[in-house]
Structure formats: C-alpha cells, structure tokens
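Student: Input structure: coords05.txt, which contains compact mmCIF, C-alpha atoms.
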```txt
# COMPACT_ATOMS: atom_id res chain seq x y z
CA MET A 164 20.41 -4.27 7.03
CA LYS A 165 19.56 -0.91 5.52
CA ILE A 166 16.78 -0.79 2.94
CA ALA A 167 16.35 2.42 0.95
CA ILE A 168 13.13 3.44 -0.79
CA PRO A 169 13.38 6.67 -2.80
CA LEU A 170 10.43 9.07 -2.71
CA PHE A 171 9.71 11.80 -5.25
CA ASP A 172 6.87 13.99 -6.48
CA GLY A 173 4.60 11.99 -8.77
CA ILE A 174 5.22 8.68 -7.00
CA THR A 175 2.51 5.99 -6.98
CA ALA A 176 2.09 5.44 -3.26
CA LEU A 177 1.33 1.71 -3.28
CA ASP A 178 4.53 1.01 -5.27
CA ALA A 179 6.50 2.14 -2.20
CA ILE A 180 4.13 1.21 0.62
CA GLY A 181 3.60 -2.43 -0.44
CA PRO A 182 7.30 -3.34 -0.17
CA TYR A 183 7.75 -1.08 2.88
CA GLU A 184 4.97 -2.90 4.74
CA VAL A 185 6.65 -6.25 4.03
CA LEU A 186 10.32 -5.33 4.45
CA SER A 187 9.92 -3.17 7.57
CA ARG A 188 8.82 -6.38 9.33
CA LEU A 189 12.10 -8.17 8.52
CA PRO A 190 14.03 -8.80 11.73
CA GLY A 191 17.08 -6.53 11.83
CA ALA A 192 16.04 -4.49 8.81
CA GLU A 193 15.67 -0.74 8.77
CA VAL A 194 13.65 0.87 5.99
CA THR A 195 14.61 4.46 5.20
CA PHE A 196 12.74 6.73 2.80
CA VAL A 197 15.22 8.84 0.88
CA ALA A 198 15.05 11.71 -1.59
CA ALA A 199 17.33 14.16 -3.35
CA GLU A 200 15.94 16.68 -0.87
CA PRO A 201 14.29 15.28 2.27
CA GLY A 202 10.76 16.40 3.06
CA PRO A 203 7.21 15.70 1.94
CA LYS A 204 6.68 14.40 -1.61
CA ARG A 205 3.28 14.55 -3.32
CA THR A 206 1.94 11.35 -4.82
CA ASP A 207 0.72 11.11 -8.42
CA THR A 208 -2.87 11.93 -7.42
CA ARG A 209 -1.71 14.94 -5.31
CA ALA A 210 -4.00 13.67 -2.51
CA LEU A 211 -1.17 12.58 -0.21
CA ALA A 212 2.32 13.52 0.91
CA LEU A 213 4.87 10.90 1.97
CA THR A 214 7.86 12.22 3.87
CA ALA A 215 11.45 11.29 3.03
CA ASP A 216 13.58 11.60 6.15
CA VAL A 217 17.06 11.21 4.66
CA ALA A 218 18.99 12.71 1.73
CA LEU A 219 20.34 10.39 -0.98
CA THR A 220 23.84 11.60 -0.18
CA ASP A 221 23.44 10.52 3.44
CA LEU A 222 22.65 6.92 2.50
CA PRO A 223 25.03 6.05 -0.35
CA HIS A 224 25.30 2.30 0.32
CA PRO A 225 22.11 0.64 1.58
CA GLU A 226 22.15 -3.14 1.32
CA VAL A 227 18.78 -3.13 -0.45
CA LEU A 228 17.27 -0.67 -2.92
CA VAL A 229 13.58 -0.69 -3.80
CA PHE A 230 12.81 1.86 -6.52
CA PRO A 231 9.07 2.61 -6.77
CA GLY A 232 7.29 3.94 -9.85
CA GLY A 233 4.85 6.65 -10.81
CA TYR A 234 4.94 9.33 -13.48
CA GLY A 235 7.70 11.08 -11.54
CA THR A 236 10.11 8.44 -12.85
CA ARG A 237 9.84 9.90 -16.36
CA ALA A 238 12.05 12.79 -15.22
CA LEU A 239 14.14 10.77 -12.75
CA MET A 240 15.24 8.25 -15.41
CA HIS A 241 17.19 11.14 -17.00
CA ASP A 242 18.27 12.86 -13.76
CA PRO A 243 22.09 12.69 -13.42
CA GLU A 244 22.12 13.05 -9.62
CA MET A 245 19.58 10.24 -9.12
CA LEU A 246 21.24 7.96 -11.69
CA ASP A 247 24.67 8.45 -10.07
CA TRP A 248 23.22 7.58 -6.70
CA VAL A 249 21.47 4.48 -8.09
CA ARG A 250 24.70 3.30 -9.76
CA GLY A 251 26.64 3.86 -6.52
CA VAL A 252 24.05 1.93 -4.52
CA HIS A 253 24.04 -0.91 -7.05
CA SER A 254 27.86 -1.15 -6.96
CA SER A 255 27.69 -2.45 -3.38
CA SER A 256 24.08 -3.57 -2.85
CA GLN A 257 22.96 -7.06 -1.94
CA TRP A 258 19.68 -6.50 -3.79
CA THR A 259 18.69 -3.88 -6.37
CA THR A 260 14.95 -3.94 -7.02
CA SER A 261 12.15 -1.94 -8.58
CA VAL A 262 8.37 -1.81 -8.70
CA CYS A 263 6.36 -0.69 -11.75
CA THR A 264 8.07 2.17 -13.64
CA GLY A 265 10.81 2.26 -11.01
CA ALA A 266 12.41 -0.17 -13.48
CA LEU A 267 12.83 2.74 -15.91
CA VAL A 268 15.18 4.44 -13.44
CA LEU A 269 17.22 1.26 -13.06
CA ALA A 270 17.24 1.11 -16.87
CA GLY A 271 18.35 4.73 -17.13
CA ALA A 272 21.23 3.91 -14.79
CA GLY A 273 22.31 1.11 -17.14
CA ILE A 274 21.59 -1.62 -14.62
CA LEU A 275 19.16 -3.60 -16.76
CA GLU A 276 21.38 -3.83 -19.85
CA GLY A 277 21.52 -7.43 -21.00
CA LEU A 278 19.01 -8.57 -18.38
CA GLU A 279 15.44 -9.76 -18.53
CA ALA A 280 13.21 -7.33 -16.67
CA THR A 281 9.62 -6.33 -16.13
CA THR A 282 7.70 -3.14 -15.37
CA TYR A 283 4.17 -1.73 -15.63
CA TRP A 284 2.39 -3.56 -18.46
CA LEU A 285 2.01 -0.40 -20.58
CA GLU A 286 5.74 0.40 -20.35
CA LEU A 287 7.29 -2.96 -21.16
CA GLU A 288 8.59 -1.91 -24.58
CA THR A 289 10.39 1.11 -23.09
CA LEU A 290 12.79 -1.31 -21.37
CA ARG A 291 14.04 -2.55 -24.73
CA ARG A 292 15.53 0.88 -25.53
CA TYR A 293 17.85 0.41 -22.56
CA GLY A 294 19.16 -2.99 -23.60
CA ALA A 295 16.83 -5.04 -21.41
CA THR A 296 14.63 -7.89 -22.58
CA PRO A 297 11.05 -7.16 -21.43
CA VAL A 298 9.29 -10.10 -19.80
CA GLN A 299 5.67 -10.26 -18.69
CA GLY A 300 5.79 -11.64 -15.18
CA ARG A 301 4.80 -10.72 -11.65
CA PHE A 302 8.50 -10.21 -10.94
CA VAL A 303 11.74 -11.14 -12.68
CA GLU A 304 14.82 -12.17 -10.70
CA GLN A 305 18.21 -11.86 -12.39
CA GLY A 306 21.02 -12.36 -9.91
CA LYS A 307 20.69 -9.58 -7.37
CA VAL A 308 18.35 -7.54 -9.57
CA ILE A 309 14.61 -8.05 -9.18
CA THR A 310 12.08 -6.02 -11.16
CA ALA A 311 8.38 -6.24 -10.34
CA ALA A 312 5.32 -5.53 -12.48
CA GLY A 313 2.93 -2.65 -11.82
CA VAL A 314 1.98 -1.05 -8.50
CA SER A 315 0.64 -3.92 -6.36
CA ALA A 316 3.31 -6.36 -7.64
CA GLY A 317 5.75 -4.86 -5.15
CA ILE A 318 4.03 -6.78 -2.36
CA ASP A 319 4.67 -10.14 -4.06
CA MET A 320 8.24 -9.16 -4.96
CA ALA A 321 8.97 -8.03 -1.40
CA LEU A 322 7.77 -11.36 -0.01
CA LEU A 323 10.16 -13.15 -2.35
CA LEU A 324 12.93 -10.80 -1.23
CA ALA A 325 12.06 -11.42 2.43
CA SER A 326 12.41 -15.16 1.86
CA ARG A 327 15.75 -14.72 0.09
CA ILE A 328 17.05 -12.59 2.98
CA ALA A 329 15.55 -14.32 6.01
CA GLY A 330 14.11 -17.64 4.85
CA ASP A 331 10.67 -18.93 4.01
CA THR A 332 9.27 -19.07 7.54
CA VAL A 333 9.99 -15.39 8.20
CA ALA A 334 8.49 -14.45 4.83
CA GLN A 335 5.38 -16.52 5.62
CA ALA A 336 5.10 -14.85 9.03
CA ILE A 337 5.23 -11.46 7.34
CA GLN A 338 2.56 -12.55 4.87
CA LEU A 339 0.36 -13.61 7.78
CA GLY A 340 1.23 -10.42 9.66
CA ILE A 341 -0.19 -8.32 6.83
CA GLU A 342 -2.96 -10.90 6.27
CA TYR A 343 -2.05 -11.09 2.61
CA ASP A 344 -4.54 -13.69 1.47
CA PRO A 345 -5.68 -11.88 -1.67
CA GLN A 346 -9.28 -12.36 -2.77
CA PRO A 347 -10.03 -9.63 -5.28
CA PRO A 348 -13.69 -9.59 -6.29
CA PHE A 349 -12.65 -9.67 -9.97
CA ASP A 350 -9.91 -11.38 -11.96
CA ALA A 351 -8.90 -8.39 -14.05
CA GLY A 352 -5.43 -7.55 -12.81
CA SER A 353 -3.46 -8.20 -16.00
CA PRO A 354 -4.05 -7.28 -19.65
CA ALA A 355 -4.47 -10.98 -20.44
CA LYS A 356 -7.35 -11.26 -17.98
CA ALA A 357 -9.12 -7.89 -17.98
CA PRO A 358 -12.21 -7.44 -20.17
CA ALA A 359 -11.66 -5.29 -23.27
CA GLU A 360 -13.88 -2.48 -21.91
CA ALA A 361 -11.79 -2.22 -18.73
CA GLN A 362 -8.57 -2.20 -20.76
CA ALA A 363 -9.92 0.56 -22.98
CA LEU A 364 -10.67 2.69 -19.91
CA VAL A 365 -7.09 2.31 -18.63
CA ARG A 366 -5.58 3.14 -22.01
CA ALA A 367 -7.83 6.20 -22.36
CA ALA A 368 -6.84 7.40 -18.87
CA GLN A 369 -3.16 6.99 -19.74
CA ARG A 370 -3.59 8.96 -22.98
CA ALA A 371 -5.38 11.76 -21.09
CA GLU A 372 -2.59 11.85 -18.52
CA ALA A 373 0.11 11.99 -21.20
CA GLU A 374 -1.73 14.84 -22.92
CA ALA A 375 -2.15 16.74 -19.64
CA GLU A 376 1.59 16.36 -19.07
CA THR A 377 2.36 17.75 -22.52
CA VAL A 378 0.12 20.74 -21.86
CA ALA A 379 1.64 21.22 -18.41
CA GLY A 380 5.03 21.40 -19.92
CA MET B 226 -17.89 12.15 -4.09
CA LYS B 227 -15.74 12.86 -1.07
CA ILE B 228 -13.85 9.95 0.46
CA ALA B 229 -12.22 10.50 3.88
CA ILE B 230 -9.34 8.40 5.21
CA PRO B 231 -8.27 9.31 8.76
CA LEU B 232 -4.55 9.31 9.56
CA PHE B 233 -3.02 9.07 13.05
CA ASP B 234 0.23 8.20 14.77
CA GLY B 235 0.66 4.43 14.91
CA ILE B 236 -1.22 3.79 11.66
CA THR B 237 -0.36 0.76 9.51
CA ALA B 238 0.43 2.45 6.20
CA LEU B 239 -0.87 -0.24 3.83
CA ASP B 240 -4.28 -0.20 5.56
CA ALA B 241 -4.75 3.34 4.25
CA ILE B 242 -2.72 3.24 1.03
CA GLY B 243 -4.35 0.12 -0.41
CA PRO B 244 -7.86 1.63 -0.47
CA TYR B 245 -6.48 5.07 -1.39
CA GLU B 246 -4.75 3.63 -4.46
CA VAL B 247 -8.01 2.04 -5.61
CA LEU B 248 -10.51 4.74 -4.67
CA SER B 249 -8.46 7.72 -5.86
CA ARG B 250 -8.86 6.26 -9.37
CA LEU B 251 -12.67 6.37 -9.19
CA PRO B 252 -14.01 8.92 -11.69
CA GLY B 253 -15.35 11.93 -9.82
CA ALA B 254 -14.01 10.83 -6.45
CA GLU B 255 -11.78 12.91 -4.23
CA VAL B 256 -9.79 11.17 -1.49
CA THR B 257 -8.89 13.39 1.46
CA PHE B 258 -6.62 12.37 4.32
CA VAL B 259 -7.97 13.80 7.56
CA ALA B 260 -6.82 13.97 11.18
CA ALA B 261 -7.79 15.58 14.45
CA GLU B 262 -4.87 17.90 13.77
CA PRO B 263 -3.61 18.07 10.18
CA GLY B 264 0.06 17.41 9.55
CA PRO B 265 2.46 14.48 9.31
CA LYS B 266 1.55 11.28 11.19
CA ARG B 267 4.13 8.59 11.95
CA THR B 268 3.31 5.04 10.93
CA ASP B 269 3.51 2.10 13.35
CA THR B 270 7.13 1.36 12.38
CA ARG B 271 8.11 5.05 12.79
CA ALA B 272 9.90 4.78 9.40
CA LEU B 273 7.42 6.96 7.50
CA ALA B 274 5.21 9.99 7.87
CA LEU B 275 1.93 10.35 5.96
CA THR B 276 0.48 13.84 5.85
CA ALA B 277 -3.15 14.62 6.64
CA ASP B 278 -4.17 17.78 4.82
CA VAL B 279 -7.56 18.46 6.41
CA ALA B 280 -8.96 18.61 9.96
CA LEU B 281 -11.81 16.26 10.92
CA THR B 282 -13.96 19.29 11.70
CA ASP B 283 -13.48 20.60 8.16
CA LEU B 284 -14.85 17.42 6.57
CA PRO B 285 -17.83 16.41 8.72
CA HIS B 286 -19.87 14.66 6.00
CA PRO B 287 -17.82 12.76 3.42
CA GLU B 288 -19.86 10.31 1.35
CA VAL B 289 -17.38 7.50 2.08
CA LEU B 290 -15.32 6.76 5.20
CA VAL B 291 -12.42 4.30 5.15
CA PHE B 292 -10.99 3.85 8.64
CA PRO B 293 -7.53 2.21 8.58
CA GLY B 294 -5.95 0.25 11.43
CA GLY B 295 -2.71 0.08 13.32
CA TYR B 296 -1.91 0.15 17.04
CA GLY B 297 -2.92 3.81 17.13
CA THR B 298 -6.55 2.65 17.00
CA ARG B 299 -6.26 1.31 20.57
CA ALA B 300 -6.38 4.90 21.82
CA LEU B 301 -8.69 6.22 19.10
CA MET B 302 -11.42 3.67 19.86
CA HIS B 303 -11.87 5.48 23.18
CA ASP B 304 -11.25 9.03 21.93
CA PRO B 305 -14.47 11.09 22.28
CA GLU B 306 -13.56 13.61 19.57
CA MET B 307 -12.81 10.90 17.01
CA LEU B 308 -15.86 8.82 17.95
CA ASP B 309 -18.15 11.85 17.66
CA TRP B 310 -16.75 12.60 14.22
CA VAL B 311 -17.17 8.97 13.11
CA ARG B 312 -20.78 8.92 14.33
CA GLY B 313 -21.49 12.18 12.52
CA VAL B 314 -19.95 10.88 9.31
CA HIS B 315 -21.90 7.63 9.57
CA SER B 316 -25.19 9.49 10.08
CA SER B 317 -25.02 10.76 6.49
CA SER B 318 -22.48 8.53 4.71
CA GLN B 319 -23.19 6.39 1.69
CA TRP B 320 -20.52 3.92 2.83
CA THR B 321 -18.83 3.46 6.20
CA THR B 322 -15.87 1.10 5.97
CA SER B 323 -12.80 -0.06 7.83
CA VAL B 324 -9.61 -2.00 7.28
CA CYS B 325 -7.94 -4.18 9.93
CA THR B 326 -8.24 -2.70 13.45
CA GLY B 327 -9.96 0.36 12.01
CA ALA B 328 -13.04 -1.78 12.76
CA LEU B 329 -12.37 -1.23 16.47
CA VAL B 330 -12.96 2.50 16.02
CA LEU B 331 -16.25 1.82 14.21
CA ALA B 332 -17.07 -0.56 17.09
CA GLY B 333 -16.17 2.09 19.69
CA ALA B 334 -18.54 4.48 17.93
CA GLY B 335 -21.34 1.91 18.27
CA ILE B 336 -21.66 1.39 14.53
CA LEU B 337 -21.06 -2.37 14.53
CA GLU B 338 -23.62 -3.23 17.23
CA GLY B 339 -25.83 -6.04 15.99
CA LEU B 340 -23.84 -6.46 12.78
CA GLU B 341 -21.49 -9.12 11.50
CA ALA B 342 -18.03 -7.67 11.08
CA THR B 343 -14.39 -8.58 10.58
CA THR B 344 -11.00 -7.16 11.53
CA TYR B 345 -7.39 -8.29 11.91
CA TRP B 346 -7.39 -12.02 12.66
CA LEU B 347 -5.85 -11.57 16.12
CA GLU B 348 -8.50 -9.01 17.15
CA LEU B 349 -11.69 -10.75 16.06
CA GLU B 350 -12.89 -11.48 19.59
CA THR B 351 -12.53 -7.81 20.59
CA LEU B 352 -15.45 -7.02 18.27
CA ARG B 353 -17.79 -9.15 20.38
CA ARG B 354 -17.43 -6.77 23.35
CA TYR B 355 -19.02 -4.08 21.20
CA GLY B 356 -22.04 -6.12 20.22
CA ALA B 357 -20.75 -7.25 16.84
CA THR B 358 -20.61 -10.83 15.61
CA PRO B 359 -17.04 -11.53 14.47
CA VAL B 360 -16.76 -13.25 11.11
CA GLN B 361 -13.63 -14.55 9.44
CA GLY B 362 -13.76 -13.23 5.92
CA ARG B 363 -11.79 -11.07 3.53
CA PHE B 364 -14.47 -8.43 3.98
CA VAL B 365 -17.98 -8.37 5.41
CA GLU B 366 -20.71 -6.22 3.86
CA GLN B 367 -23.71 -5.27 5.99
CA GLY B 368 -25.83 -2.64 4.32
CA LYS B 369 -23.62 0.41 3.94
CA VAL B 370 -21.05 -0.87 6.44
CA ILE B 371 -18.11 -2.89 5.11
CA THR B 372 -15.34 -4.14 7.37
CA ALA B 373 -12.20 -5.70 5.89
CA ALA B 374 -9.70 -8.14 7.40
CA GLY B 375 -6.09 -7.22 8.15
CA VAL B 376 -3.83 -4.72 6.35
CA SER B 377 -3.79 -5.88 2.71
CA ALA B 378 -7.52 -6.77 2.74
CA GLY B 379 -8.29 -3.10 2.18
CA ILE B 380 -7.32 -3.49 -1.46
CA ASP B 381 -9.91 -6.21 -2.05
CA MET B 382 -12.56 -4.31 -0.07
CA ALA B 383 -11.90 -1.11 -2.00
CA LEU B 384 -12.35 -2.92 -5.31
CA LEU B 385 -15.72 -4.19 -4.12
CA LEU B 386 -16.60 -0.65 -3.05
CA ALA B 387 -15.48 0.72 -6.42
CA SER B 388 -17.82 -1.74 -8.16
CA ARG B 389 -20.73 -0.81 -5.87
CA ILE B 390 -20.15 2.90 -6.59
CA ALA B 391 -19.19 2.90 -10.27
CA GLY B 392 -19.94 -0.56 -11.64
CA ASP B 393 -17.90 -3.64 -12.43
CA THR B 394 -16.13 -2.33 -15.52
CA VAL B 395 -14.70 0.68 -13.69
CA ALA B 396 -13.61 -1.54 -10.79
CA GLN B 397 -11.94 -3.94 -13.23
CA ALA B 398 -10.19 -1.02 -14.94
CA ILE B 399 -8.87 0.12 -11.56
CA GLN B 400 -7.68 -3.42 -10.82
CA LEU B 401 -5.83 -3.45 -14.14
CA GLY B 402 -4.55 0.08 -13.51
CA ILE B 403 -2.82 -1.08 -10.32
CA GLU B 404 -1.95 -4.41 -11.98
CA TYR B 405 -3.51 -6.27 -9.07
CA ASP B 406 -3.01 -9.82 -10.24
CA PRO B 407 -1.72 -11.20 -6.93
CA GLN B 408 0.81 -14.00 -7.06
CA PRO B 409 2.37 -14.23 -3.60
CA PRO B 410 5.26 -16.70 -3.51
CA PHE B 411 3.65 -18.42 -0.49
CA ASP B 412 0.10 -19.25 0.54
CA ALA B 413 0.40 -18.16 4.16
CA GLY B 414 -1.85 -15.10 4.36
CA SER B 415 -4.43 -16.40 6.83
CA PRO B 416 -4.17 -18.33 10.10
CA ALA B 417 -5.87 -21.29 8.42
CA LYS B 418 -3.14 -21.47 5.77
CA ALA B 419 0.08 -20.32 7.46
CA PRO B 420 2.49 -22.96 8.84
CA ALA B 421 2.55 -23.23 12.65
CA GLU B 422 6.09 -21.83 12.85
CA ALA B 423 5.09 -18.70 10.95
CA GLN B 424 2.04 -18.24 13.15
CA ALA B 425 4.16 -18.57 16.28
CA LEU B 426 6.46 -15.81 15.00
CA VAL B 427 3.52 -13.44 14.48
CA ARG B 428 2.04 -14.18 17.90
CA ALA B 429 5.44 -13.66 19.57
CA ALA B 430 5.90 -10.34 17.77
CA GLN B 431 2.45 -9.22 18.92
CA ARG B 432 3.21 -10.16 22.54
CA ALA B 433 6.51 -8.24 22.38
CA GLU B 434 4.73 -5.22 20.96
CA ALA B 435 2.05 -5.33 23.65
CA GLU B 436 4.74 -5.54 26.36
CA ALA B 437 6.70 -2.65 24.83
CA GLU B 438 3.51 -0.60 24.86
CA THR B 439 2.93 -1.38 28.54
CA VAL B 440 6.48 -0.29 29.35
CA ALA B 441 6.16 2.82 27.18
CA GLY B 442 2.79 3.80 28.43
```
Would you give me this structure, written as structure tokens?

Tutor:
Amino acid sequence: MKIAIPLFDGITALDAIGPYEVLSRLPGAEVTFVAAEPGPKRTDTRALALTADVALTDLPHPEVLVFPGGYGTRALMHDPEMLDWVRGVHSSSQWTTSVCTGALVLAGAGILEGLEATTYWLELETLRRYGATPVQGRFVEQGKVITAAGVSAGIDMALLLASRIAGDTVAQAIQLGIEYDPQPPFDAGSPAKAPAEAQALVRAAQRAEAEAETVAG
Amino acid sequence: MKIAIPLFDGITALDAIGPYEVLSRLPGAEVTFVAAEPGPKRTDTRALALTADVALTDLPHPEVLVFPGGYGTRALMHDPEMLDWVRGVHSSSQWTTSVCTGALVLAGAGILEGLEATTYWLELETLRRYGATPVQGRFVEQGKVITAAGVSAGIDMALLLASRIAGDTVAQAIQLGIEYDPQPPFDAGSPAKAPAEAQALVRAAQRAEAEAETVAG
C-alpha cells in the first residue's frame, strides 16, 4: 500500500510527521514524501528542511493521500499542477485525507464540495467558500475522505486510518509503539478550552504573519 | 535563546519534530538542528531525510538541548565526539532534555547518574546501568534535566518546558497554536493500557528489528 505525503516550502512539519510516524508502522505500507520538484523543502519556521524523494508525476496513484498544512498551502490551493495531481490521486485512492490547512488544497481541488470537513480552527470558514460544511471536530470522516483539525490532529486521524486499514489491534500497537498516551500539562488545545489571553496571543501572531506575507509579496 | 536538536541517521522523526513544533513558537527562541556533520539524515524508517544545518562544533553552548531518540542512539551513546559535545552543552545549559531513547545518550554522557529519569518504555531498565533510577512517567523533571517517555511524549515535555521558560499563558498559546487537544481513537498508548495482543505485536517488531540489526551489523 503506497501512502503519499506531499511536502512543500512553508509546510508545518508536525502536520506531516505525525501521520508519517503512525502510518509508516503499518505492515505492508510504504510512505513516500512527494513534491512537484523533489528535494529539500523548508518548513514554515525556516528552521528545518524535509526532503521529498519522489516527484508528483512519478506517484500518480497512491492508495492513500495525506495532505499536510502550513502557510504554503495558500499558494498550493490555487496551483493547477498540484490540484490536477490531487484530483488524479483522489480518482483512484482508497483514502484521501488532510491535516490542518491541507484541507484547503483538497477544497481547491473540489474534493470537499458537499461534504462536512474540518481544518485548522482559524480557517474553518474558508472551507465554506468551496462548498464544504465546516465542522469543529478532531477529524471528520466522510466516506473515503477524512479531514483532521490543526497540526497535532494528524496523529489522531492517522490512528483512525490505521484501524480502518489494518484493524484495531494493529492501530493500538502503533499507538503503543509511539507511546502516544498524551498528558499535556495544560488543557488549552482548542479555542473552546484555551484561556482568552492565550487565544489573543495566537490571533495576534496570525495577524502579524499575514501582514508579513503581504509585505513580502 | 538557542535551542539545539541533534539529528542523526536512525532518528525517530516525531521525537524531534514534536518538541521543535512547540519550541520554535517560543518568542525569542531559535531552534537549530545540529549534527556531527551537517546535511540530510535518514530517519529510522528510511522514508524521510531531515536536514541538520549546523555542525555540533559550531553550536557548543545552546541554552536548551533536546536530544531525540531512535535506534541511531545505540551507537551515539558510545560515540566520544557526541558525548563530549553533550557534556559541554550540559555544563552551561539552562535546560538539558531528551525524548525517548535520547535519554540513553544523556546517560552515556554521565548526566543522569543519581537522577530519576524516563525513556521509551522498553528501554527503562537500560537507564539503571548508567546510575539513573528509571521512572515510568510522561516526563521526569530533575533540576534542569527533563527526560520524556517515548516518541510522542516530547510534545508534552516541550509544553512543560515552554511554560518554565516563558510562562503558562505562552505555553497555552502554543498548545492552541498546534491545536493539541489530543483525542486518540484508542487508549493504548502505554504498556499499562494497551491490550496484550497489541503489546505482543510491538515486542515482536522490536525483536525483529534487533535481529535485523545484528545481521546488518
């Protein structure tokens, strides 16, 4: 079973690495990192490069697609080459999935039209413009399409996917293998739970980033 | 504040990327991926390369060290160059931390002697040989030394570290920023919780890996 995870400049690393860490442990699965042009891609913070080994055109029909997010998706959701590839993959995939703003690329490809879907909590309303019904949830499963919430939600989504593909026991073994027994020191991981001051900091950071992007061009 | 995360062949990607995703969002912090020789390092599954930009010798005194795990640590915990660097870093660090079997490298450097510490659940007893007292816990804080349990535990540990460095509100904002509101579909992330069948699968996979390494090496 071939599992494709696209990489691109401006990716949020954990969006890709969470599902990779889960799905690469699936018996018989092969995770391949793909990109329009293979090679190192800089993450959103610029502090890290993740290398894509294979060109999109060399892996047109993986059984599973996991599209990660990051600000790089703002360009990709309008990129004809990427959208064509995503549509081609979806035409034959067993599972088409996204993490965080990876959902915006699925939306741009028309895949979420008429479906319930989720994405990063600050981008939920964007989905509506593409005919999807935004839903707040850790992940949303609609037939073979699964969209996950922001960044770390890809781990939870990938465990669900592992159980769908290989059964509950394998998924539980993977969860134990990555010792995923989450015990965050705070309970602030969703807008419904985070204190107002913390939420204000995130919104301010997003505004600053959007302004920097406007200045950058 | 400079935060160093060593990369090496045979690293478990999530060990490094979890803390990176948290700590790179700390105001004023700069995360740098370091290696004995800069360049791309292959993860334990061989499916991905993460690039280290900076040589160990060029970053001798970061304020924070996060040492990730993976089977590559089995060699590194006996590697004089790496152990010297780790000791040098620890001599002036504000925080010396590890995720998963990264603790074995701290142990090899003598840093865990006389301390309580944790690591990947299957490697806890190894710590005892280095004078540490193994403790089952999501993370163990002993002065400026924090060791985290396996793979995904680095996310929880890094949030604690973020709160120690920048206060609870910043840590909560980071948690919201990565939407870390974990909802795994199973509750199998520790040996105490995982069904026996799932545990048997993990132990069998570890035996197979150890045998493959013997054959390979």

Student: Please, what distance in Å, to one decimal, runs between CA of Gly392 in chain B and CA of Leu248 in chain B?

Tutor: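 Answer for the CA of Gly392 in chain B to CA of Leu248 in chain B separation: 12.9 Å.
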
Student: Residues around (-8.4, -10.3, -8.9), cut-off 8 Å, counting only C-alpha atoms - what are they as a list in words?

Tutor: Pro345, Gln346, Pro347, Pro348, Phe349, Asp350, Ala351 and Gly352 of chain A; Gln400, Tyr405, Asp406 and Pro407 of chain B

Student: Considering only C-alpha atoms, tabulate each residue of chain A that lies at most 7 Å from chain B along with its nearest interatomic pair and the corresponding distance in Å to one decimal; arrange the rows by chain and ascending residue number and present them as CSV.

Tutor:
```
residue,atom,partner,partner_atom,distance
A:Ala176,CA,B:Ile242,CA,6.8
A:Leu177,CA,B:Ile242,CA,6.1
A:Ile180,CA,B:Leu239,CA,6.1
A:Gly181,CA,B:Leu239,CA,6.6
A:Glu184,CA,B:Leu239,CA,6.5
A:Val194,CA,B:Ala272,CA,6.4
A:Thr195,CA,B:Ala272,CA,6.3
A:Ala210,CA,B:Thr257,CA,6.3
A:Leu211,CA,B:Thr276,CA,6.4
A:Ala212,CA,B:Thr276,CA,5.3
A:Leu213,CA,B:Leu275,CA,5.0
A:Thr214,CA,B:Ala274,CA,5.3
A:Arg301,CA,B:Gln408,CA,6.9
A:Gly313,CA,B:Glu404,CA,5.2
A:Val314,CA,B:Ile403,CA,5.1
A:Ser315,CA,B:Tyr405,CA,5.5
A:Ala316,CA,B:Tyr405,CA,7.0
A:Asp319,CA,B:Pro409,CA,4.7
A:Leu322,CA,B:Pro410,CA,6.9
A:Leu323,CA,B:Pro410,CA,6.2
A:Thr332,CA,B:Ala423,CA,5.4
A:Val333,CA,B:Ala423,CA,6.5
A:Gln335,CA,B:Ala413,CA,5.4
A:Ala336,CA,B:Ala423,CA,4.3
A:Gln338,CA,B:Gly414,CA,5.1
A:Leu339,CA,B:Gly414,CA,4.3
A:Gly340,CA,B:Val427,CA,6.1
A:Ile341,CA,B:Val376,CA,5.1
A:Glu342,CA,B:Gly414,CA,4.7
A:Tyr343,CA,B:Gly414,CA,4.4
A:Asp344,CA,B:Gly414,CA,4.2
A:Pro345,CA,B:Pro407,CA,6.6
A:Gln346,CA,B:Asp381,CA,6.2
A:Pro347,CA,B:Asp381,CA,4.7
A:Pro348,CA,B:Leu385,CA,6.2
A:Phe349,CA,B:Gln397,CA,6.6
A:Ala351,CA,B:Gln397,CA,5.5
A:Gly352,CA,B:Asp406,CA,4.2
A:Ser353,CA,B:Leu401,CA,5.6
A:Pro354,CA,B:Leu401,CA,6.9
A:Ala357,CA,B:Leu401,CA,6.7
A:Glu360,CA,B:Thr394,CA,6.8
A:Ala361,CA,B:Ala398,CA,4.3
A:Gln362,CA,B:Ala398,CA,6.2
A:Leu364,CA,B:Ala398,CA,6.2
A:Val365,CA,B:Ala398,CA,5.9
```

Student: Which of these residues is nearest to Arg237 in chain A, using only C-alpha atoms: A:Glu374, A:Glu304, A:Glu200, A:Glu286?

Tutor: A:Glu286

Student: Could you please determine the separation between CA of Leu290 in chain A and CA of Pro225 in chain A in Å, to one decimal place?

Tutor: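 Distance reported for this atom pair: 24.8 Å.
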
Student: Separation of CA of Gln305 in chain A and CA of Asp242 in chain A, in Å?

Tutor: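 Computing the Euclidean distance for CA of Gln305 in chain A and CA of Asp242 in chain A yields 24.8 Å.
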
Student: Edge lengths and centre, in Å to one decimal, as AutoDock Vina command-line options: that's what I need for the box along x, y and z that holds all listed atoms of range 169-173 of chain A plus 8 Å on each side.

Tutor:
```
--center_x 9.0 --center_y 10.3 --center_z -5.7 --size_x 24.8 --size_y 23.3 --size_z 22.1
```

Student: Please list as a ChimeraX atom specification every residue within 12 Å of Ala332 in chain B, counting all atoms listed in the file and excluding residues in the same chain fewer than 2 positions away.

Tutor: /B:292,298-299,301-303,308,311-312,321-323,326-330,334-344,349-359,370,372

Student: Hey, which of A:Ala238, A:Asp221, A:Val262, A:Ala325 ends up closest to Val303 in chain A? Count all atoms listed in the file.

Tutor: A:Val262

Student: Considering all atoms listed in the file, can you say which of A:Ala218, A:Asp207, A:Pro223, A:Lys165 comes closest to His253 in chain A?

Tutor: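 Result for the nearest residue to His253 in chain A: A:Pro223.
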